[in-house]
Amino acid sequence: MKKTEQNLNLLYVLFVTFLVTANAMASKVFNTGLTLPGGAPITLTVGAICYPFTFLITDIIGELWGKKASQKAVVYGFLCQIVSTLFIIIARYLPAVDGEVQNAYVTMLGQNWVFVIASLTAFSASQSWDVFIFHKIRDAYVKKRGTVRGGRWIWNNASTMTSQLIDSVIYVVIAFGLGFGWFFNKEMHPTLIAMIIGQYVIKFGIAALDTPLFYLFTNRSKQAE
């Protein structure tokens with residue numbers, strides 16, 4: 001990918017698109033068909049399918065345009081989440097012509113304040129960590145070796161895989177542990193743990209699979225030569 005302002009803006013747009021789409025899909029939880037050793041089913045939100053790509057995008061931005069540019073993506077994403085949430089809430093309370101449509105809207109997009117807090121908190125913590133650790137490892141590698149050659153997979157995977165763990169734990173604990181009260185119900189602890197594991201396993205797998213994409217989109221940068 002060429003290091004142009006047009007491409008940077010495109011990545012910002014894609015980042016926000018993946019982020020808002022993941023939030024809109026988060027209300028649907030599905031069973032993966034997998035179980036933990038104790039027999040608890042591994043479930044996760046549908047949003048976990050596309051949300052990991054936001055980390056790929058900030059990594060590409062960071063590799064090509066630097067830390068400040070990737071930090072801007074996080075700020076833009078945070079602001080867009082707030083704006084989209086506000087409009088979704090406003091739309092919920094507008095008078096509807098069809099009651100069934102209104103009920104479907106509330107079911108799919110109704111924003112519980114606990115889930116909003118969970119989403120914003122998990123996003124802020126995980127994305128900030130991703131940008132920080134990505135450049136921390138990258139700068140240390142370049143300082144020691146004088147080049148990024150042979151090391152891009154290290155900071156790409158280390159930053160994404162650790163941030164996904166932070167994101168999964170924070171979101172599930174706040175949204176389901178506190179929001180649904182599972183944290184205070186011992187019988188639901190296995191389900192809570194299974195959901196965290198399920199979220200992380202999927203995100204971990206996507207993080208590993210997106211490494212070739214990271215190389216593909218950064219192999220033309222001067223920094224990567």
# chains A, B, ... in the order shown; residues from 1 in each chain; ligands from 1
>>> residues_around(residues="Ile174 of chain A", least_positions_apart="2", cutoff="10 Å", atoms="only C-alpha atoms", output="tab-separated table (two decimals) with C-alpha atoms, in the first residue's frame")
chain	number	residue	atom	x	y	z
A	114	VAL	CA	-24.12	-1.28	30.59
A	115	PHE	CA	-23.32	-2.56	27.09
A	116	VAL	CA	-22.39	0.93	25.94
A	117	ILE	CA	-19.99	1.30	28.85
A	118	ALA	CA	-18.60	-2.19	28.22
A	119	SER	CA	-18.00	-1.43	24.55
A	121	THR	CA	-14.24	0.76	27.99
A	122	ALA	CA	-13.03	-2.37	26.19
A	169	VAL	CA	-12.11	-9.87	29.31
A	170	ILE	CA	-13.29	-6.27	29.81
A	171	TYR	CA	-16.27	-6.48	27.45
A	172	VAL	CA	-17.62	-9.81	28.67
A	176	PHE	CA	-22.52	-10.00	30.74
A	177	GLY	CA	-20.86	-10.37	34.13
A	178	LEU	CA	-22.32	-7.13	35.47
A	179	GLY	CA	-25.03	-6.37	32.90
A	180	PHE	CA	-26.65	-9.81	33.10
A	181	GLY	CA	-25.54	-10.40	36.68
A	182	TRP	CA	-23.57	-13.55	35.77
A	183	PHE	CA	-20.66	-12.36	37.89
>>> residues_around(residues="segment 125-135 of chain A", least_positions_apart="2", cutoff="6 Å", atoms="only C-alpha atoms", output="compact mmCIF listing (two decimals) with C-alpha atoms, in the first residue's frame")
# COMPACT_ATOMS: atom_id res chain seq x y z
CA ALA A 122 -13.03 -2.37 26.19
CA PHE A 123 -12.37 -0.40 23.01
CA ILE A 137 8.25 -3.55 20.49
CA ARG A 138 8.88 -2.06 17.05
CA ASP A 139 11.06 0.78 18.38
CA TRP A 155 4.92 -6.60 16.90
CA SER A 159 0.16 -6.25 19.99
CA SER A 163 -5.05 -6.47 23.04
CA ILE A 166 -7.82 -7.28 27.18
CA ASP A 167 -10.82 -6.49 24.99
>>> select_by_dssp(residues="segment 23-212 of chain A", states="strand (DSSP E)", output="ChimeraX atom specification")
/A:29-35,41-45
>>> write_last_selection(atoms="N, CA and C atoms", output="compact mmCIF listing (two decimals), in the first residue's frame")
# COMPACT_ATOMS: atom_id res chain seq x y z
N VAL A 29 -25.71 -13.31 20.19
CA VAL A 29 -24.73 -14.26 20.73
C VAL A 29 -25.03 -15.63 20.14
N PHE A 30 -24.01 -16.33 19.65
CA PHE A 30 -24.25 -17.63 19.06
C PHE A 30 -23.35 -18.70 19.69
N ASN A 31 -23.80 -19.92 19.58
CA ASN A 31 -23.07 -21.06 20.13
C ASN A 31 -22.12 -21.58 19.05
N THR A 32 -20.84 -21.68 19.37
CA THR A 32 -19.85 -22.12 18.39
C THR A 32 -19.89 -23.62 18.15
N GLY A 33 -20.58 -24.33 19.05
CA GLY A 33 -20.60 -25.79 18.93
C GLY A 33 -19.45 -26.45 19.67
N LEU A 34 -18.55 -25.61 20.21
CA LEU A 34 -17.40 -26.12 20.97
C LEU A 34 -17.70 -26.04 22.46
N THR A 35 -17.04 -26.85 23.25
CA THR A 35 -17.26 -26.84 24.69
C THR A 35 -15.93 -26.86 25.43
N PRO A 41 -20.62 -24.68 27.10
CA PRO A 41 -20.55 -24.31 25.68
C PRO A 41 -19.78 -23.01 25.49
N ILE A 42 -19.01 -22.94 24.41
CA ILE A 42 -18.27 -21.71 24.08
C ILE A 42 -19.15 -20.86 23.17
N THR A 43 -19.56 -19.72 23.68
CA THR A 43 -20.39 -18.81 22.91
C THR A 43 -19.66 -17.49 22.72
N LEU A 44 -20.07 -16.72 21.72
CA LEU A 44 -19.50 -15.41 21.52
C LEU A 44 -20.45 -14.54 20.73
N THR A 45 -20.22 -13.25 20.78
CA THR A 45 -21.06 -12.32 20.05
C THR A 45 -20.65 -12.30 18.58
>>> atom_distance(atom1="atom CA of Asn23 of chain A", atom2="atom CA of Phe53 of chain A")
13.2 Å
>>> closest_residue(among="A:Gly151, A:Pro190, A:Pro95, A:Gly77", to="Leu14 of chain A", atoms="only C-alpha atoms")
A:Gly77
>>> atom_distance(atom1="atom CA of Ile154 of chain A", atom2="atom CA of Leu216 of chain A")
15.4 Å
>>> closest_atom_pairs(of="segment 19-61 of chain A", to="segment 68-71 of chain A", cutoff="8 Å", atoms="only C-alpha atoms", output="CSV")
residue,atom,partner,partner_atom,distance
A:Thr58,CA,A:Ser70,CA,5.2
A:Asp59,CA,A:Ser70,CA,7.4
A:Ile61,CA,A:Ser70,CA,5.5
>>> closest_atom_pairs(of="segment 136-188 of chain A", to="segment 202-209 of chain A", cutoff="10 Å", atoms="only C-alpha atoms", output="tab-separated table")
residue	atom	partner	partner_atom	distance
A:Trp153	CA	A:Ala208	CA	9.4
A:Asn156	CA	A:Ala207	CA	8.6
A:Asn157	CA	A:Ala207	CA	6.6
A:Ala158	CA	A:Ala207	CA	9.5
A:Ser159	CA	A:Ala207	CA	9.6
A:Thr160	CA	A:Ala207	CA	6.3
A:Met161	CA	A:Phe204	CA	5.8
A:Thr162	CA	A:Phe204	CA	8.9
A:Ser163	CA	A:Phe204	CA	9.8
A:Gln164	CA	A:Lys203	CA	6.4
A:Leu165	CA	A:Phe204	CA	8.3
A:Asp167	CA	A:Lys203	CA	9.8
A:Ser168	CA	A:Lys203	CA	8.8
>>> closest_residue(among="A:Gln199, A:Asn9, A:Asn219, A:Ser124", to="Ile49 of chain A", atoms="only C-alpha atoms")
A:Gln199
>>> atom_distance(atom1="atom CA of Ile89 of chain A", atom2="atom CA of Val13 of chain A")
22.8 Å
>>> residues_around(residues="Thr17 of chain A", least_positions_apart="3", cutoff="10 Å", atoms="only C-alpha atoms", output="ChimeraX atom specification")
/A:11-14,20-22,50-51,54,77,80
>>> write_last_selection(atoms="N, CA and C atoms", output="mmCIF file, in the first residue's frame")
data_model
loop_
_atom_site.group_PDB
_atom_site.id
_atom_site.type_symbol
_atom_site.label_atom_id
_atom_site.label_comp_id
_atom_site.auth_asym_id
_atom_site.auth_seq_id
_atom_site.Cartn_x
_atom_site.Cartn_y
_atom_site.Cartn_z
ATOM 1 N N LEU A 11 -8.277 3.970 5.171
ATOM 2 C CA LEU A 11 -8.112 3.090 6.328
ATOM 3 C C LEU A 11 -8.889 3.604 7.532
ATOM 4 N N TYR A 12 -8.945 4.921 7.703
ATOM 5 C CA TYR A 12 -9.755 5.498 8.791
ATOM 6 C C TYR A 12 -11.232 5.138 8.598
ATOM 7 N N VAL A 13 -11.693 5.232 7.354
ATOM 8 C CA VAL A 13 -13.095 4.916 7.052
ATOM 9 C C VAL A 13 -13.378 3.431 7.316
ATOM 10 N N LEU A 14 -12.474 2.570 6.881
ATOM 11 C CA LEU A 14 -12.643 1.135 7.106
ATOM 12 C C LEU A 14 -12.609 0.797 8.592
ATOM 13 N N VAL A 20 -18.192 0.187 14.018
ATOM 14 C CA VAL A 20 -19.624 0.433 14.189
ATOM 15 C C VAL A 20 -20.428 -0.824 13.825
ATOM 16 N N THR A 21 -19.994 -1.543 12.785
ATOM 17 C CA THR A 21 -20.672 -2.776 12.399
ATOM 18 C C THR A 21 -20.589 -3.816 13.514
ATOM 19 N N ALA A 22 -19.420 -3.942 14.120
ATOM 20 C CA ALA A 22 -19.240 -4.897 15.219
ATOM 21 C C ALA A 22 -20.157 -4.564 16.384
ATOM 22 N N CYS A 50 -15.942 -9.442 13.049
ATOM 23 C CA CYS A 50 -15.346 -8.347 12.277
ATOM 24 C C CYS A 50 -14.513 -7.381 13.129
ATOM 25 N N TYR A 51 -14.756 -7.352 14.441
ATOM 26 C CA TYR A 51 -14.027 -6.413 15.299
ATOM 27 C C TYR A 51 -12.502 -6.596 15.254
ATOM 28 N N THR A 54 -10.208 -4.323 13.150
ATOM 29 C CA THR A 54 -9.852 -2.956 13.534
ATOM 30 C C THR A 54 -8.404 -2.902 14.010
ATOM 31 N N GLY A 77 -12.479 6.532 16.237
ATOM 32 C CA GLY A 77 -13.364 5.416 16.512
ATOM 33 C C GLY A 77 -14.192 5.629 17.760
ATOM 34 N N CYS A 80 -16.886 8.228 16.996
ATOM 35 C CA CYS A 80 -17.918 7.676 16.114
ATOM 36 C C CYS A 80 -18.835 6.719 16.868
#
>>> closest_residue(among="A:Asp210, A:Glu63, A:Tyr105, A:Ile197", to="Met1 of chain A", atoms="only C-alpha atoms")
A:Glu63
>>> closest_residue(among="A:Pro52, A:Pro212, A:Gly198, A:Gly66", to="Leu8 of chain A", atoms="only C-alpha atoms")
A:Gly66
>>> closest_residue(among="A:Ala104, A:Ile196, A:Tyr215, A:Ile90", to="Gly150 of chain A", atoms="only C-alpha atoms")
A:Tyr215
